[in-house]
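K.L.:
Below are the structure tokens for one structure; questions will follow.
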Amino acid sequence: MAEVSIRDQIKALVELQKLDAEFYEHQNKLKEKPAKIETLKNAFEEKKKGCHELEENLKKKQLERKEREGDLQDKEGEIAKANSQLSLLKTNKEYKAKLTEIESLKADKSIIEEKILILFDEVDALAVKSQKEKEALAQEEKKFSDEKVKIEIEMKQLDDRVKVLAAQRQQKAKDVQAVLLNQYERILKGKDGLAMVPVLHNSCGGCYMNVPPQIVNEIKKHEGLVYCESCARILYTDEDL
């Protein structure tokens with residue numbers, strides 16, 4: 001590469017920085033997208049889990065009701081058997097004891113019936129709630145799917161743009177001397193894509209700390225790259241452009 005002035009090199013670095021600023025911005029956005037999809041997925045899976053738990057609770061209540069109905073059937077069988085035994089009893093004492101037994105069985109039956117009625121109400125309420133949750137989950141699944149597709153499209157667009165920028169910056173980097181390019185890229189990596197910054201109102205455009213007049217004078221001499229004393233970024237002024 002033919003020898004060129006520092007001023008021309010700074011101009012080339014500023015142009016390179018414009019590309020790199022967009023490159024890093026798009027890369028950072030690209031890195032965030034999978035995490036965003038994962039967050040949406042986890043939120044959906046949590047709602048899906050809640051719907052599943054509700055459905056499982058409904059099944060348990062239905063099973064419990066079926067078991068209580070079986071208990072009721074058994075209890076009715078015991079009562080029928082006890083009633084059939086009344087005519088076979090020979091003493092008044094045995095008869096009264098059997099009647100007491102039957103009354104106790106009927107009391108147990110009444111308790112079971114009451115439990116069954118409560119379970120009917122609980123099952124009906126859970127069935128309605130479960131159906132609503134299923135419908136809501138279906139909507140959430142569509143919402144998640146649509147958002148996921150949208151993010152994936154954005155990722156593709158970002159990835160395409162990053163590739164274009166990478167090619168452009170590779171071409172632009174040829175305008176910068178190797179030693180200066182190495183210094184620039186070292187700072188670029190350490191400062192998340194911002195190595196070249198202007199001096200604005202006597203302040204560094206990167207860290208916003210004050211830039212002393214003598215440093216500004218050094219920049220204007222164009223004898224070499226000048227760095228911010230606070231953040232170590234390369235400084236330039238509007239006069240350099």
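Convention: chains lettered A, B, ... in structure tokens order; per-chain residue numbering from 1; ligands numbered from 1 as shown.
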Tell me, which residues of segment 6-229 of chain A carry DSSP helix (DSSP H, G or I), written as an MDAnalysis selection string?
P.N.:
chainID A and resid 6:86 92:175 178:190 213:221
K.L.:
If we count only C-alpha atoms, what is near Leu126 of chain A at a cut-off of 12 Å, once residues fewer than 2 positions away on the same chain are taken out, given as a list in words?
P.N.:
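In the requested form, the answer reads Cys51, Glu53, Leu54, Glu55, Glu56, Asn57, Leu58, Lys59, Lys60, Lys61, Gln62, Leu119, Phe120, Asp121, Glu122, Val123, Asp124, Val128, Lys129, Ser130, Gln131, Lys132, Glu133 and Lys134 of chain A.
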K.L.:
With distances taken over only C-alpha atoms, which residue among A:Leu194, A:Leu86, A:Val176, A:Ala43 lies nearest Asp8 of chain A?
P.N.:
A:Val176
K.L.:
Identify, on the basis of only C-alpha atoms, every residue whose closest approach to Ala178 of chain A does not exceed 12 Å; exclude the query and any residue fewer than 3 positions from it along the same chain; express the result as a count of residues only.
P.N.:
12
K.L.:
What does the structure give for the distance between atom CA of Met196 of chain A and atom CA of Gln157 of chain A, in Å to one decimal?
P.N.:
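Answer for the atom CA of Met196 of chain A to atom CA of Gln157 of chain A separation: 26.7 Å.
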K.L.:
Which residues come within 10 Å of segment 28-40 of chain A, counting only C-alpha atoms, excluding same-chain residues fewer than 4 positions away, as an MDAnalysis selection string?
P.N.:
chainID A and resid 22:24 44:46 143:145 147:149 151:152 154:159 162 192
K.L.:
For a test of reading the model, state the distance in Å between atom CA of Leu200 of chain A and atom CA of Val226 of chain A, rounded to one decimal.
P.N.:
14.9 Å
